[in-house]
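Participant: Got a file for you: final-v9.pdb, PDB, C-alpha atoms, pLDDT in the B column.
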```pdb
ATOM      1  CA  MET A   1     -35.160  11.271 -79.776  1.00 70.00           C
ATOM      2  CA  ALA A   2     -31.655   9.834 -79.699  1.00 73.00           C
ATOM      3  CA  LYS A   3     -31.546   6.066 -79.569  1.00 81.00           C
ATOM      4  CA  GLY A   4     -30.009   4.487 -76.478  1.00 81.00           C
ATOM      5  CA  SER A   5     -28.839   1.267 -78.098  1.00 89.00           C
ATOM      6  CA  LEU A   6     -28.318  -0.432 -81.438  1.00 93.00           C
ATOM      7  CA  ALA A   7     -31.515  -2.393 -80.781  1.00 94.00           C
ATOM      8  CA  GLU A   8     -33.498   0.840 -80.513  1.00 94.00           C
ATOM      9  CA  ALA A   9     -31.952   2.050 -83.762  1.00 94.00           C
ATOM     10  CA  GLN A  10     -32.965  -1.234 -85.412  1.00 96.00           C
ATOM     11  CA  THR A  11     -36.550  -0.818 -84.199  1.00 96.00           C
ATOM     12  CA  ALA A  12     -36.678   2.720 -85.589  1.00 96.00           C
ATOM     13  CA  ALA A  13     -35.325   1.542 -88.940  1.00 96.00           C
ATOM     14  CA  ASP A  14     -37.782  -1.368 -89.080  1.00 96.00           C
ATOM     15  CA  ASN A  15     -40.729   0.908 -88.285  1.00 96.00           C
ATOM     16  CA  ARG A  16     -39.655   3.370 -90.959  1.00 96.00           C
ATOM     17  CA  ARG A  17     -39.189   0.705 -93.622  1.00 95.00           C
ATOM     18  CA  ASN A  18     -42.490  -0.943 -92.759  1.00 94.00           C
ATOM     19  CA  SER A  19     -44.216   2.274 -93.852  1.00 95.00           C
ATOM     20  CA  ALA A  20     -42.534   2.202 -97.272  1.00 94.00           C
ATOM     21  CA  GLY A  21     -44.328   1.688-100.549  1.00 93.00           C
ATOM     22  CA  PRO A  22     -46.263   3.581-103.212  1.00 90.00           C
ATOM     23  CA  TRP A  23     -47.980   6.791-102.139  1.00 92.00           C
ATOM     24  CA  GLY A  24     -51.436   5.901-100.905  1.00 90.00           C
ATOM     25  CA  GLY A  25     -52.958   9.360-100.641  1.00 90.00           C
ATOM     26  CA  GLY A  26     -55.138  11.157-103.129  1.00 89.00           C
ATOM     27  CA  GLU A  27     -53.895  12.705-106.342  1.00 89.00           C
ATOM     28  CA  THR A  28     -53.100  16.397-106.256  1.00 92.00           C
ATOM     29  CA  THR A  29     -52.169  18.931-108.918  1.00 94.00           C
ATOM     30  CA  ASN A  30     -48.445  18.668-108.225  1.00 95.00           C
ATOM     31  CA  LEU A  31     -48.504  14.887-107.899  1.00 93.00           C
ATOM     32  CA  ALA A  32     -50.018  14.622-111.384  1.00 92.00           C
ATOM     33  CA  ILE A  33     -47.162  16.771-112.706  1.00 92.00           C
ATOM     34  CA  GLY A  34     -44.575  14.794-110.758  1.00 91.00           C
ATOM     35  CA  LEU A  35     -45.744  11.509-112.205  1.00 88.00           C
ATOM     36  CA  LYS A  36     -45.020  12.822-115.696  1.00 86.00           C
ATOM     37  CA  ILE A  37     -41.333  13.309-115.005  1.00 86.00           C
ATOM     38  CA  ALA A  38     -40.561  10.686-112.353  1.00 84.00           C
ATOM     39  CA  HIS A  39     -38.660   7.487-113.086  1.00 74.00           C
ATOM     40  CA  SER A  40     -40.967   4.741-114.350  1.00 62.00           C
ATOM     41  CA  GLY A  41     -40.377   2.577-111.300  1.00 55.00           C
ATOM     42  CA  GLY A  42     -38.544  -0.232-113.054  1.00 55.00           C
ATOM     43  CA  GLU A  43     -34.997  -1.449-112.607  1.00 51.00           C
ATOM     44  CA  ALA A  44     -33.362   0.455-115.462  1.00 48.00           C
ATOM     45  CA  ALA A  45     -29.606   0.893-115.220  1.00 43.00           C
ATOM     46  CA  ARG A  46     -28.348   4.339-114.235  1.00 46.00           C
ATOM     47  CA  GLU A  47     -24.794   4.283-115.598  1.00 45.00           C
ATOM     48  CA  GLY A  48     -23.580   7.797-116.293  1.00 49.00           C
ATOM     49  CA  GLN A  49     -26.443   9.374-114.375  1.00 58.00           C
ATOM     50  CA  THR A  50     -26.512  10.951-110.968  1.00 69.00           C
ATOM     51  CA  THR A  51     -29.507  10.646-108.684  1.00 77.00           C
ATOM     52  CA  VAL A  52     -31.600  13.805-109.019  1.00 85.00           C
ATOM     53  CA  SER A  53     -34.574  14.478-106.784  1.00 91.00           C
ATOM     54  CA  VAL A  54     -37.067  17.316-106.924  1.00 94.00           C
ATOM     55  CA  ALA A  55     -39.523  18.845-104.453  1.00 97.00           C
ATOM     56  CA  LEU A  56     -42.542  20.347-106.194  1.00 97.00           C
ATOM     57  CA  MET A  57     -44.579  22.866-104.223  1.00 98.00           C
ATOM     58  CA  THR A  58     -46.922  25.801-104.554  1.00 97.00           C
ATOM     59  CA  TYR A  59     -46.116  28.598-102.118  1.00 96.00           C
ATOM     60  CA  GLN A  60     -47.405  32.168-102.018  1.00 95.00           C
ATOM     61  CA  GLY A  61     -48.801  31.819-105.517  1.00 94.00           C
ATOM     62  CA  ARG A  62     -45.544  30.522-107.007  1.00 96.00           C
ATOM     63  CA  ASN A  63     -44.826  27.078-108.415  1.00 97.00           C
ATOM     64  CA  ILE A  64     -41.410  26.169-107.030  1.00 97.00           C
ATOM     65  CA  ALA A  65     -39.245  23.154-107.810  1.00 97.00           C
ATOM     66  CA  TYR A  66     -36.221  22.718-105.573  1.00 96.00           C
ATOM     67  CA  TYR A  67     -33.802  20.082-106.759  1.00 93.00           C
ATOM     68  CA  VAL A  68     -30.673  18.328-105.552  1.00 90.00           C
ATOM     69  CA  SER A  69     -28.292  16.121-107.493  1.00 83.00           C
ATOM     70  CA  GLN A  70     -26.304  13.633-105.468  1.00 75.00           C
ATOM     71  CA  ASP A  71     -22.991  14.696-107.026  1.00 75.00           C
ATOM     72  CA  GLY A  72     -23.726  18.421-107.012  1.00 78.00           C
ATOM     73  CA  SER A  73     -24.000  18.852-110.790  1.00 79.00           C
ATOM     74  CA  GLU A  74     -26.264  21.416-112.435  1.00 84.00           C
ATOM     75  CA  VAL A  75     -29.467  20.047-113.963  1.00 84.00           C
ATOM     76  CA  GLY A  76     -31.627  21.639-116.649  1.00 86.00           C
ATOM     77  CA  THR A  77     -35.318  22.306-116.131  1.00 89.00           C
ATOM     78  CA  PRO A  78     -37.533  19.377-117.250  1.00 86.00           C
ATOM     79  CA  ASN A  79     -39.918  20.258-120.054  1.00 86.00           C
ATOM     80  CA  ALA A  80     -42.941  19.622-117.843  1.00 88.00           C
ATOM     81  CA  LEU A  81     -41.704  22.280-115.412  1.00 91.00           C
ATOM     82  CA  GLN A  82     -41.180  25.142-117.848  1.00 90.00           C
ATOM     83  CA  GLY A  83     -42.509  28.257-116.128  1.00 93.00           C
ATOM     84  CA  TRP A  84     -41.680  26.954-112.657  1.00 96.00           C
ATOM     85  CA  ASP A  85     -39.015  28.465-110.416  1.00 96.00           C
ATOM     86  CA  TRP A  86     -36.309  25.768-110.842  1.00 94.00           C
ATOM     87  CA  MET A  87     -33.807  26.112-108.014  1.00 93.00           C
ATOM     88  CA  PRO A  88     -30.967  23.977-106.661  1.00 92.00           C
ATOM     89  CA  ILE A  89     -30.875  23.839-102.896  1.00 89.00           C
ATOM     90  CA  PRO A  90     -27.889  25.600-101.309  1.00 76.00           C
ATOM     91  CA  GLY A  91     -24.811  23.393-101.267  1.00 67.00           C
ATOM     92  CA  LYS A  92     -26.432  20.916-103.654  1.00 50.00           C
ATOM     93  CA  ARG A  93     -24.071  18.054-102.875  1.00 52.00           C
ATOM     94  CA  SER A  94     -25.591  15.955-100.095  1.00 52.00           C
ATOM     95  CA  ALA A  95     -23.664  14.402 -97.222  1.00 60.00           C
ATOM     96  CA  THR A  96     -22.813  10.705 -97.279  1.00 75.00           C
ATOM     97  CA  GLY A  97     -26.005   8.861 -96.386  1.00 87.00           C
ATOM     98  CA  LEU A  98     -28.223  11.934 -96.747  1.00 90.00           C
ATOM     99  CA  HIS A  99     -30.201  10.830 -99.774  1.00 90.00           C
ATOM    100  CA  ALA A 100     -31.238  13.415-102.336  1.00 89.00           C
ATOM    101  CA  GLU A 101     -34.895  13.195-101.271  1.00 93.00           C
ATOM    102  CA  MET A 102     -33.972  13.752 -97.647  1.00 93.00           C
ATOM    103  CA  ALA A 103     -31.649  16.638 -98.541  1.00 92.00           C
ATOM    104  CA  LEU A 104     -34.724  18.349-100.004  1.00 95.00           C
ATOM    105  CA  ILE A 105     -36.783  17.653 -96.893  1.00 96.00           C
ATOM    106  CA  ARG A 106     -33.931  18.927 -94.702  1.00 95.00           C
ATOM    107  CA  HIS A 107     -33.866  22.164 -96.707  1.00 95.00           C
ATOM    108  CA  LEU A 108     -37.604  22.652 -96.182  1.00 97.00           C
ATOM    109  CA  PHE A 109     -37.119  22.232 -92.430  1.00 97.00           C
ATOM    110  CA  SER A 110     -34.244  24.726 -92.517  1.00 95.00           C
ATOM    111  CA  ILE A 111     -36.388  27.435 -94.155  1.00 95.00           C
ATOM    112  CA  ASN A 112     -39.363  26.662 -91.878  1.00 96.00           C
ATOM    113  CA  LEU A 113     -41.710  25.375 -94.561  1.00 97.00           C
ATOM    114  CA  LEU A 114     -41.871  22.123 -92.598  1.00 97.00           C
ATOM    115  CA  SER A 115     -41.790  21.853 -88.818  1.00 96.00           C
ATOM    116  CA  GLN A 116     -41.456  19.005 -86.348  1.00 95.00           C
ATOM    117  CA  GLY A 117     -44.803  17.439 -85.533  1.00 94.00           C
ATOM    118  CA  ASN A 118     -46.588  19.336 -88.302  1.00 96.00           C
ATOM    119  CA  GLU A 119     -45.012  17.762 -91.364  1.00 97.00           C
ATOM    120  CA  ALA A 120     -48.293  16.484 -92.802  1.00 97.00           C
ATOM    121  CA  GLN A 121     -50.052  19.830 -92.412  1.00 97.00           C
ATOM    122  CA  GLY A 122     -47.114  21.679 -93.923  1.00 97.00           C
ATOM    123  CA  ALA A 123     -46.892  19.296 -96.855  1.00 97.00           C
ATOM    124  CA  GLN A 124     -50.613  19.584 -97.558  1.00 97.00           C
ATOM    125  CA  ALA A 125     -50.487  23.391 -97.461  1.00 97.00           C
ATOM    126  CA  LEU A 126     -47.640  23.356-100.002  1.00 98.00           C
ATOM    127  CA  ASP A 127     -49.097  20.580-102.178  1.00 97.00           C
ATOM    128  CA  LEU A 128     -45.623  19.107-101.647  1.00 98.00           C
ATOM    129  CA  VAL A 129     -44.506  16.226-103.847  1.00 97.00           C
ATOM    130  CA  VAL A 130     -41.013  14.703-103.761  1.00 96.00           C
ATOM    131  CA  ILE A 131     -39.894  12.787-106.832  1.00 93.00           C
ATOM    132  CA  CYS A 132     -36.775  11.143-108.206  1.00 89.00           C
ATOM    133  CA  LEU A 133     -36.063  11.705-111.893  1.00 85.00           C
ATOM    134  CA  ASN A 134     -34.023   8.578-112.597  1.00 79.00           C
ATOM    135  CA  ALA A 135     -34.383   6.066-109.782  1.00 82.00           C
ATOM    136  CA  ASN A 136     -36.800   4.570-107.302  1.00 85.00           C
ATOM    137  CA  VAL A 137     -37.227   6.046-103.844  1.00 89.00           C
ATOM    138  CA  CYS A 138     -35.537   3.760-101.293  1.00 92.00           C
ATOM    139  CA  GLY A 139     -37.343   2.056 -98.436  1.00 94.00           C
ATOM    140  CA  ASP A 140     -36.056   4.420 -95.746  1.00 96.00           C
ATOM    141  CA  CYS A 141     -36.958   7.598 -97.661  1.00 95.00           C
ATOM    142  CA  SER A 142     -40.317   6.236 -98.797  1.00 95.00           C
ATOM    143  CA  GLY A 143     -41.177   5.023 -95.307  1.00 96.00           C
ATOM    144  CA  TRP A 144     -40.232   8.339 -93.692  1.00 97.00           C
ATOM    145  CA  MET A 145     -42.301  10.320 -96.182  1.00 97.00           C
ATOM    146  CA  ASN A 146     -45.316   7.999 -95.931  1.00 96.00           C
ATOM    147  CA  ALA A 147     -45.153   8.210 -92.135  1.00 97.00           C
ATOM    148  CA  HIS A 148     -45.305  12.011 -92.421  1.00 97.00           C
ATOM    149  CA  SER A 149     -47.972  12.064 -95.168  1.00 97.00           C
ATOM    150  CA  ILE A 150     -45.659  13.521 -97.803  1.00 97.00           C
ATOM    151  CA  ALA A 151     -46.595  12.532-101.341  1.00 96.00           C
ATOM    152  CA  HIS A 152     -43.712  11.028-103.301  1.00 95.00           C
ATOM    153  CA  CYS A 153     -43.030   8.987-106.390  1.00 87.00           C
ATOM    154  CA  PRO A 154     -42.030   6.559-107.447  1.00 82.00           C
ATOM    155  CA  ALA A 155     -41.525   3.796-104.953  1.00 83.00           C
ATOM    156  CA  LEU A 156     -41.661   0.070-105.587  1.00 82.00           C
ATOM    157  CA  ALA A 157     -44.245  -1.927-103.670  1.00 82.00           C
ATOM    158  CA  THR A 158     -41.313  -3.230-101.603  1.00 82.00           C
ATOM    159  CA  PRO A 159     -38.608  -0.575-101.979  1.00 86.00           C
ATOM    160  CA  LYS A 160     -34.989  -1.563-101.540  1.00 87.00           C
ATOM    161  CA  THR A 161     -33.145  -0.260 -98.523  1.00 89.00           C
ATOM    162  CA  SER A 162     -29.732   1.369 -98.705  1.00 86.00           C
ATOM    163  CA  ALA A 163     -26.526   0.713 -96.813  1.00 89.00           C
ATOM    164  CA  ASN A 164     -26.435   4.257 -95.381  1.00 92.00           C
ATOM    165  CA  TRP A 165     -29.276   6.604 -94.441  1.00 95.00           C
ATOM    166  CA  VAL A 166     -29.377   9.928 -92.570  1.00 95.00           C
ATOM    167  CA  HIS A 167     -32.515  11.361 -90.955  1.00 96.00           C
ATOM    168  CA  PRO A 168     -33.405  14.692 -92.614  1.00 95.00           C
ATOM    169  CA  ARG A 169     -34.225  16.653 -89.444  1.00 95.00           C
ATOM    170  CA  THR A 170     -32.317  15.026 -86.586  1.00 94.00           C
ATOM    171  CA  GLY A 171     -29.213  14.173 -88.624  1.00 94.00           C
ATOM    172  CA  ALA A 172     -29.024  10.687 -87.087  1.00 94.00           C
ATOM    173  CA  ALA A 173     -27.077   8.251 -89.280  1.00 94.00           C
ATOM    174  CA  TYR A 174     -27.876   4.579 -89.795  1.00 95.00           C
ATOM    175  CA  ARG A 175     -25.739   1.941 -91.496  1.00 93.00           C
ATOM    176  CA  GLY A 176     -27.127  -1.407 -92.628  1.00 91.00           C
ATOM    177  CA  PRO A 177     -29.587  -2.252 -95.386  1.00 90.00           C
ATOM    178  CA  LYS A 178     -31.353  -4.820 -93.205  1.00 91.00           C
ATOM    179  CA  ASN A 179     -29.608  -5.212 -89.873  1.00 94.00           C
ATOM    180  CA  VAL A 180     -28.414  -1.879 -88.485  1.00 94.00           C
ATOM    181  CA  SER A 181     -24.747  -2.265 -87.624  1.00 93.00           C
ATOM    182  CA  TYR A 182     -23.990   1.357 -86.738  1.00 93.00           C
ATOM    183  CA  TYR A 183     -25.934   4.381 -85.434  1.00 93.00           C
ATOM    184  CA  THR A 184     -24.745   7.848 -84.516  1.00 92.00           C
ATOM    185  CA  LYS A 185     -26.431  11.145 -83.634  1.00 93.00           C
ATOM    186  CA  GLN A 186     -25.284  14.525 -82.357  1.00 89.00           C
ATOM    187  CA  VAL A 187     -26.911  15.197 -79.000  1.00 85.00           C
ATOM    188  CA  GLY A 188     -26.199  18.533 -77.368  1.00 81.00           C
ATOM    189  CA  GLY A 189     -22.438  18.887 -77.290  1.00 79.00           C
ATOM    190  CA  GLY A 190     -21.811  15.151 -77.629  1.00 83.00           C
ATOM    191  CA  ILE A 191     -22.449  12.203 -79.900  1.00 86.00           C
ATOM    192  CA  ASN A 192     -24.405   9.002 -79.268  1.00 86.00           C
ATOM    193  CA  SER A 193     -22.840   6.152 -81.234  1.00 88.00           C
ATOM    194  CA  PHE A 194     -23.466   2.418 -81.210  1.00 88.00           C
ATOM    195  CA  GLY A 195     -21.975  -0.406 -83.254  1.00 90.00           C
ATOM    196  CA  GLU A 196     -18.988  -0.326 -85.550  1.00 84.00           C
ATOM    197  CA  LEU A 197     -18.386   1.552 -88.788  1.00 76.00           C
ATOM    198  CA  PRO A 198     -16.066  -0.760 -90.763  1.00 70.00           C
ATOM    199  CA  SER A 199     -15.424   1.659 -93.625  1.00 69.00           C
ATOM    200  CA  GLY A 200     -16.657   4.869 -95.199  1.00 70.00           C
ATOM    201  CA  SER A 201     -17.280   8.316 -93.793  1.00 74.00           C
ATOM    202  CA  LEU A 202     -20.887   7.986 -92.606  1.00 83.00           C
ATOM    203  CA  GLY A 203     -21.561  10.347 -89.728  1.00 82.00           C
ATOM    204  CA  SER A 204     -24.346  12.302 -88.168  1.00 85.00           C
ATOM    205  CA  ILE A 205     -25.060  15.901 -89.147  1.00 88.00           C
ATOM    206  CA  SER A 206     -26.342  18.684 -86.931  1.00 90.00           C
ATOM    207  CA  PRO A 207     -30.046  18.437 -86.086  1.00 92.00           C
ATOM    208  CA  ILE A 208     -32.517  21.088 -87.201  1.00 91.00           C
ATOM    209  CA  LYS A 209     -34.507  22.415 -84.286  1.00 76.00           C
TER
END
```
Would you mind giving the structure from this file in structure tokens?
Facilitator:
Amino acid sequence: MAKGSLAEAQTAADNRRNSAGPWGGGETTNLAIGLKIAHSGGEAAREGQTTVSVALMTYQGRNIAYYVSQDGSEVGTPNALQGWDWMPIPGKRSATGLHAEMALIRHLFSINLLSQGNEAQGAQALDLVVICLNANVCGDCSGWMNAHSIAHCPALATPKTSANWVHPRTGAAYRGPKNVSYYTKQVGGGINSFGELPSGSLGSISPIK
């Protein structure tokens, strides 16, 4: 639902971030594999590296690993995933504010492996696990996935929030790591926008029905 004010956008962001933190569900086959290749969860520098996130799933008897790198570069198959179908998502490069983890989730919505209101059931059926190879999952991404019962790793106990974040299904864009200063979403043929965008190209993207 499109927000009707900046205050409503702030409430949505707060609720999302309050759900952030380490995955609290049970271990699954794909989660055990994901933990072997995910970032350790510390604060290691990432100079010279691009954020790379992977969605592990088992679908129709196949082990599939979709990946997206934030800058669109090709990435080799991790050793722990030899024998998996290792596939970049179409387009690879994600929009400003659409984090790599959320680009993966958006792709799964677009190919109908996840659906609105049934995210948890879809994720369980796929044994879906979303991981980041060289960074921690941010507070917005972690909170959204926890709220929809999607296993992910790693996330700090109190994940950091980012300046820009875009919702994977609705395309709504938020700016502000703590206090939301700008919100925009495509609604029908128009756009709902609140606040000011002082710099950058953050904008909403088309929602997935």
Participant: Show me, as a PDB file with C-alpha atoms, in the coordinates of the input, the residues that have an atom within 9 Å of stretch 77-87 of chain A when counting only C-alpha atoms, minus same-chain residues fewer than 4 positions from it.
Facilitator:
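Now in around_37.pdb:
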```
ATOM      1  CA  ILE A  33     -47.162  16.771-112.706  1.00 92.00           C
ATOM      2  CA  GLY A  34     -44.575  14.794-110.758  1.00 91.00           C
ATOM      3  CA  LYS A  36     -45.020  12.822-115.696  1.00 86.00           C
ATOM      4  CA  ILE A  37     -41.333  13.309-115.005  1.00 86.00           C
ATOM      5  CA  ARG A  62     -45.544  30.522-107.007  1.00 96.00           C
ATOM      6  CA  ASN A  63     -44.826  27.078-108.415  1.00 97.00           C
ATOM      7  CA  ILE A  64     -41.410  26.169-107.030  1.00 97.00           C
ATOM      8  CA  ALA A  65     -39.245  23.154-107.810  1.00 97.00           C
ATOM      9  CA  TYR A  66     -36.221  22.718-105.573  1.00 96.00           C
ATOM     10  CA  TYR A  67     -33.802  20.082-106.759  1.00 93.00           C
ATOM     11  CA  VAL A  68     -30.673  18.328-105.552  1.00 90.00           C
TER      12      VAL A  68
END
```
Participant: Could you check how far atom CA of A:Gly4 sits from atom CA of A:Ser110, in Å to one decimal?
Facilitator: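 Computed distance, atom CA of A:Gly4 to atom CA of A:Ser110, equals 26.2 Å.
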Participant: Quick one: distance from atom CA of A:Asn146 to atom CA of A:Ser19 in Å, one decimal?
Facilitator: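 These two atoms are separated by 6.2 Å.
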Participant: Apply the PyMOL selection byres ((chain A and resi 56) around 7) to the structure shown and report the selected residues as a ChimeraX atom specification.
Facilitator: /A:30,54-55,57,64-66,128-130
Participant: Tell me, as a list of chain:residue names, which residues lie within 6 Å of stretch 172-184 of chain A, counting all atoms listed in the file; anything in the same chain fewer than 5 positions away does not count.
Facilitator: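 The residues that qualify are A:Gln10, A:Thr161, A:Ser162, A:Ala163, A:Asn164, A:Trp165, A:Val166, A:His167, A:Asn192, A:Ser193, A:Phe194, A:Gly195, A:Glu196, A:Leu197, A:Gly203, A:Ser204.
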Participant: If we count only C-alpha atoms, what is near A:Thr158 at a cut-off of 10 Å, once residues fewer than 5 positions away on the same chain are taken out, given as an mmCIF file with C-alpha atoms, in the coordinates of the input?
Facilitator:
```cif
data_model
loop_
_atom_site.group_PDB
_atom_site.id
_atom_site.type_symbol
_atom_site.label_atom_id
_atom_site.label_comp_id
_atom_site.auth_asym_id
_atom_site.auth_seq_id
_atom_site.Cartn_x
_atom_site.Cartn_y
_atom_site.Cartn_z
ATOM 1 C CA ARG A 17 -39.189 0.705 -93.622
ATOM 2 C CA ASN A 18 -42.490 -0.943 -92.759
ATOM 3 C CA SER A 19 -44.216 2.274 -93.852
ATOM 4 C CA ALA A 20 -42.534 2.202 -97.272
ATOM 5 C CA GLY A 21 -44.328 1.688 -100.549
ATOM 6 C CA PRO A 22 -46.263 3.581 -103.212
ATOM 7 C CA CYS A 138 -35.537 3.760 -101.293
ATOM 8 C CA GLY A 139 -37.343 2.056 -98.436
ATOM 9 C CA SER A 142 -40.317 6.236 -98.797
#
```
Participant: Find, counting all atoms listed in the file, the residue in A:His152, A:His99, A:Lys3, A:Arg169 that gets nearest to A:Ala38.
Facilitator: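 Of A:His152, A:His99, A:Lys3, A:Arg169, the one nearest A:Ala38, counting all atoms listed in the file, is A:His152.
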Participant: Quick one: distance from atom CA of A:Pro207 to atom CA of A:Ala155 in Å, one decimal?
Facilitator: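 These atoms are spaced 26.5 Å apart.
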Participant: Translate the PyMOL selection byres ((chain A and resi 148) around 9) into a concrete residue list for this structure, as a list in words.
Facilitator: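 With the shown file as input, the PyMOL selection byres ((chain A and resi 148) around 9) matches Gly117, Asn118, Glu119, Ala120, Ala123, Gly143, Trp144, Met145, Asn146, Ala147, Ser149 and Ile150 of chain A.
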Participant: Select, from A:Gln60, A:Pro154, A:Gly171, A:Ala100, the residue with the minimum atom-to-atom distance to A:Leu113, counting all atoms listed in the file.
Facilitator: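 Nearest candidate to A:Leu113 out of A:Gln60, A:Pro154, A:Gly171, A:Ala100: A:Gln60.
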Participant: My list of candidates is A:Ser115, A:Gln121, A:Thr28, A:Ser69. Which is closest to A:Ala151 when distances are computed with all atoms listed in the file?
Facilitator: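 Answer, going by the shortest atom-to-atom distance: A:Thr28.
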